[in-house]
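Student: Before I ask anything, here is the structure I am working with.
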Amino acid sequence: MTEGGRREMTFLLAGVERRVLRALATRVPRRIRSNHLTALGILGAVGAGAAYALTTYNPTWLWVASLMLVVNWLGDSLDGTLARVRGTQRPKYGYYLDHVVDAFSTAVIGLGIGLSPYVYLGLALGIVVVYLAMSINVYLESTVFGVFKISYGRVGPTEVRLILILLNTAAFITTGWPSPLPVPIDVLANWTLAILLAGMVALFVGRFARNLYRLAKLEPQRFRWWEQG
């Protein structure tokens, strides 16, 4: 349970992730607390962003970026599970911290991707802006409707990290070698992210429209402004 209401993990890998995180949480030494893991998640985000930017000089940094994405996932996801397993939940504090860290991590990783030679900076920043808008919408939904859903269209942060790791691997394999792909890797990466951005915008608009529809049914008097005056 979060401050905003019921928490629903509806993304594709939620069940697998939940089991893995609980198994890991039971093995974490007692001296390590949730806040330590939150800091680890921030470190992973900063490391991934820096590694992406450094791929301008050497594509080997793509492997470091992938490793840092795993570290980011571990810290970002395991902190809450550890608190629940130990019975030391932090509803208000953790809820606030999760949103702040998520926004920071998204901005840092997105900026690093935009500074790499594989993706246009404007496209990367566009994804960051839309992702943050979606995160704010999720927060508002949890506050207004009492349900906290951390996914859009069954795609959550875990799936996004996996997509990035797959793109990292493809980019490294095709850098400096005859590409088995019909198009250069930077074109493939930009088109993949452009399609992802278009999908994110469509999902955001659809969910926003659905929320307005739900609010119109809950508070019909608020939606009769066009009949006034």
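Letters A, B, ... go to the chains of the structure tokens in the order shown; residues in each chain start at 1; ligands are counted from 1 in the same order.
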Extract the full set of strand (DSSP E or B) residues from chain A according to DSSP on the backbone, and format it as a list in words.
Tutor: Thr2, Gly5, Arg6, Arg7, Glu8, Val147, Phe148, Lys149, Tyr152 and Val155 of chain A
Student: So that I can check the surroundings of A:Tyr131, please list as a list in words every protein, DNA and RNA residue that reaches within 12 Å of it, counting only C-alpha atoms and ignoring chain neighbours fewer than 6 positions away.
Tutor: Asp102, Ala103, Phe104, Ser105, Thr106, Ala107, Ile109, Gly110, Ala124, Leu125, Asn137, Val138, Ile150, Ser151, Tyr152, Gly156, Pro157, Val160, Leu196, Leu197, Ala198, Gly199, Met200, Val201, Leu203 and Phe204 of chain A
Student: I need the chosen residues saved as a compact mmCIF listing (two decimals), in the first residue's frame, with N, CA and C atoms.
Tutor:
```
# COMPACT_ATOMS: atom_id res chain seq x y z
N ASP A 102 12.71 8.45 -9.32
CA ASP A 102 12.31 8.03 -10.66
C ASP A 102 12.47 9.16 -11.66
N ALA A 103 12.04 10.37 -11.28
CA ALA A 103 12.17 11.52 -12.17
C ALA A 103 13.64 11.85 -12.44
N PHE A 104 14.44 11.83 -11.39
CA PHE A 104 15.87 12.12 -11.54
C PHE A 104 16.55 11.09 -12.42
N SER A 105 16.28 9.82 -12.17
CA SER A 105 16.92 8.73 -12.94
C SER A 105 16.55 8.83 -14.41
N THR A 106 15.28 9.10 -14.69
CA THR A 106 14.83 9.21 -16.08
C THR A 106 15.54 10.34 -16.79
N ALA A 107 15.66 11.49 -16.12
CA ALA A 107 16.31 12.65 -16.73
C ALA A 107 17.79 12.38 -16.99
N ILE A 109 19.46 9.40 -17.29
CA ILE A 109 19.67 8.37 -18.31
C ILE A 109 19.29 8.91 -19.69
N GLY A 110 18.17 9.63 -19.76
CA GLY A 110 17.75 10.18 -21.04
C GLY A 110 18.74 11.18 -21.60
N ALA A 124 15.70 12.03 -27.56
CA ALA A 124 15.90 11.52 -26.20
C ALA A 124 15.21 12.42 -25.18
N LEU A 125 15.36 13.73 -25.35
CA LEU A 125 14.72 14.67 -24.41
C LEU A 125 13.20 14.61 -24.53
N ASN A 137 1.10 11.78 -14.21
CA ASN A 137 -0.27 11.31 -14.38
C ASN A 137 -0.56 10.10 -13.50
N VAL A 138 0.42 9.18 -13.40
CA VAL A 138 0.26 8.02 -12.53
C VAL A 138 0.08 8.46 -11.07
N ILE A 150 1.93 1.16 -12.04
CA ILE A 150 3.24 1.58 -12.54
C ILE A 150 3.52 0.96 -13.91
N SER A 151 2.55 1.09 -14.81
CA SER A 151 2.78 0.63 -16.17
C SER A 151 1.80 1.30 -17.11
N TYR A 152 2.17 1.34 -18.37
CA TYR A 152 1.31 1.81 -19.44
C TYR A 152 1.29 0.73 -20.52
N GLY A 156 6.30 -1.53 -18.34
CA GLY A 156 6.74 -0.80 -17.17
C GLY A 156 8.22 -0.48 -17.24
N PRO A 157 8.78 0.05 -16.16
CA PRO A 157 10.19 0.43 -16.16
C PRO A 157 11.14 -0.75 -16.40
N VAL A 160 11.31 -1.36 -20.13
CA VAL A 160 12.05 -0.27 -20.78
C VAL A 160 13.56 -0.49 -20.62
N LEU A 196 8.62 4.28 -30.07
CA LEU A 196 8.33 4.22 -28.64
C LEU A 196 7.74 5.53 -28.15
N LEU A 197 8.29 6.65 -28.60
CA LEU A 197 7.78 7.96 -28.21
C LEU A 197 6.35 8.15 -28.69
N ALA A 198 6.08 7.78 -29.94
CA ALA A 198 4.71 7.91 -30.47
C ALA A 198 3.74 7.06 -29.66
N GLY A 199 4.17 5.84 -29.31
CA GLY A 199 3.31 4.98 -28.49
C GLY A 199 3.07 5.56 -27.11
N MET A 200 4.11 6.14 -26.52
CA MET A 200 3.96 6.76 -25.20
C MET A 200 2.98 7.92 -25.23
N VAL A 201 3.08 8.74 -26.28
CA VAL A 201 2.16 9.87 -26.42
C VAL A 201 0.73 9.37 -26.57
N LEU A 203 -0.55 6.50 -25.59
CA LEU A 203 -1.02 5.92 -24.33
C LEU A 203 -1.36 7.00 -23.32
N PHE A 204 -0.52 8.03 -23.26
CA PHE A 204 -0.76 9.13 -22.33
C PHE A 204 -2.07 9.84 -22.65
```
Student: Using atom CA of A:Ser66 and atom CA of A:Arg31 as the two end points, give the distance in Å to one decimal.
Tutor: 27.7 Å
Student: Quick one: of A:Glu17, A:Asp98, A:Glu159, A:Asp186, who's nearest to A:Ser116, counting only C-alpha atoms?
Tutor: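 Counting only C-alpha atoms, the residue closest to A:Ser116 is A:Asp186.
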Student: Rank A:Ala65, A:Val128, A:Ala83, A:Val108 by their smallest atom-to-atom distance to A:Ala171, using only C-alpha atoms, and report the top residue only.
Tutor: A:Ala65
Student: So how many Å separate atom CA of A:Ala133 and atom CA of A:Arg207, to one decimal?
Tutor: 11.7 Å
Student: Fewer than 2 positions away in the same chain doesn't count, so skip those; otherwise give me all residues within 12 Å of A:Gln89, counting only C-alpha atoms, as a PyMOL selection string.
Tutor: chain A and resi 1-3+33-35+79-87+91-95
Student: Separation of atom CA of A:Leu67 and atom CA of A:Thr88, in Å?
Tutor: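 For atom CA of A:Leu67 relative to atom CA of A:Thr88, the distance reads 29.2 Å.
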Student: With only C-alpha atoms as the basis for distance, which of A:Tyr52, A:Leu111, A:Arg30, A:Thr158 is at the shortest distance from A:Asn72?
Tutor: A:Thr158
Student: Could you give me, as number ranges by chain, the residues within 12 Å of A:Leu78, counting only C-alpha atoms and dropping anything in the same chain fewer than 5 positions from it?
Tutor: A: 17-28, 32-41, 70-73, 83-85, 98
Student: Pull C-alpha atoms from the residues just selected and write them as a CSV table (one decimal), in the first residue's frame.
Tutor:
```csv
chain,number,residue,atom,x,y,z
A,17,GLU,CA,10.2,-9.5,-10.9
A,18,ARG,CA,8.2,-9.8,-7.7
A,19,ARG,CA,9.4,-13.4,-7.0
A,20,VAL,CA,13.1,-12.5,-7.8
A,21,LEU,CA,13.0,-9.4,-5.6
A,22,ARG,CA,11.5,-11.2,-2.7
A,23,ALA,CA,14.1,-13.9,-2.9
A,24,LEU,CA,16.9,-11.3,-3.0
A,25,ALA,CA,15.4,-9.3,-0.1
A,26,THR,CA,15.5,-12.3,2.2
A,27,ARG,CA,19.2,-12.6,1.6
A,28,VAL,CA,20.2,-8.9,2.1
A,32,ILE,CA,21.8,-2.8,4.6
A,33,ARG,CA,18.6,-0.7,4.7
A,34,SER,CA,16.1,0.4,2.1
A,35,ASN,CA,17.7,3.8,1.8
A,36,HIS,CA,21.0,2.2,0.9
A,37,LEU,CA,19.4,0.5,-2.0
A,38,THR,CA,17.7,3.7,-3.1
A,39,ALA,CA,21.1,5.3,-3.2
A,40,LEU,CA,22.4,2.3,-5.2
A,41,GLY,CA,19.6,3.0,-7.7
A,70,VAL,CA,20.9,-3.5,-14.0
A,71,VAL,CA,22.3,-1.8,-10.9
A,72,ASN,CA,19.6,0.9,-11.3
A,73,TRP,CA,16.9,-1.7,-11.5
A,83,ALA,CA,11.0,-2.7,3.5
A,84,ARG,CA,7.9,-4.9,2.9
A,85,VAL,CA,9.7,-8.1,3.7
A,98,ASP,CA,10.2,6.8,-5.3
```
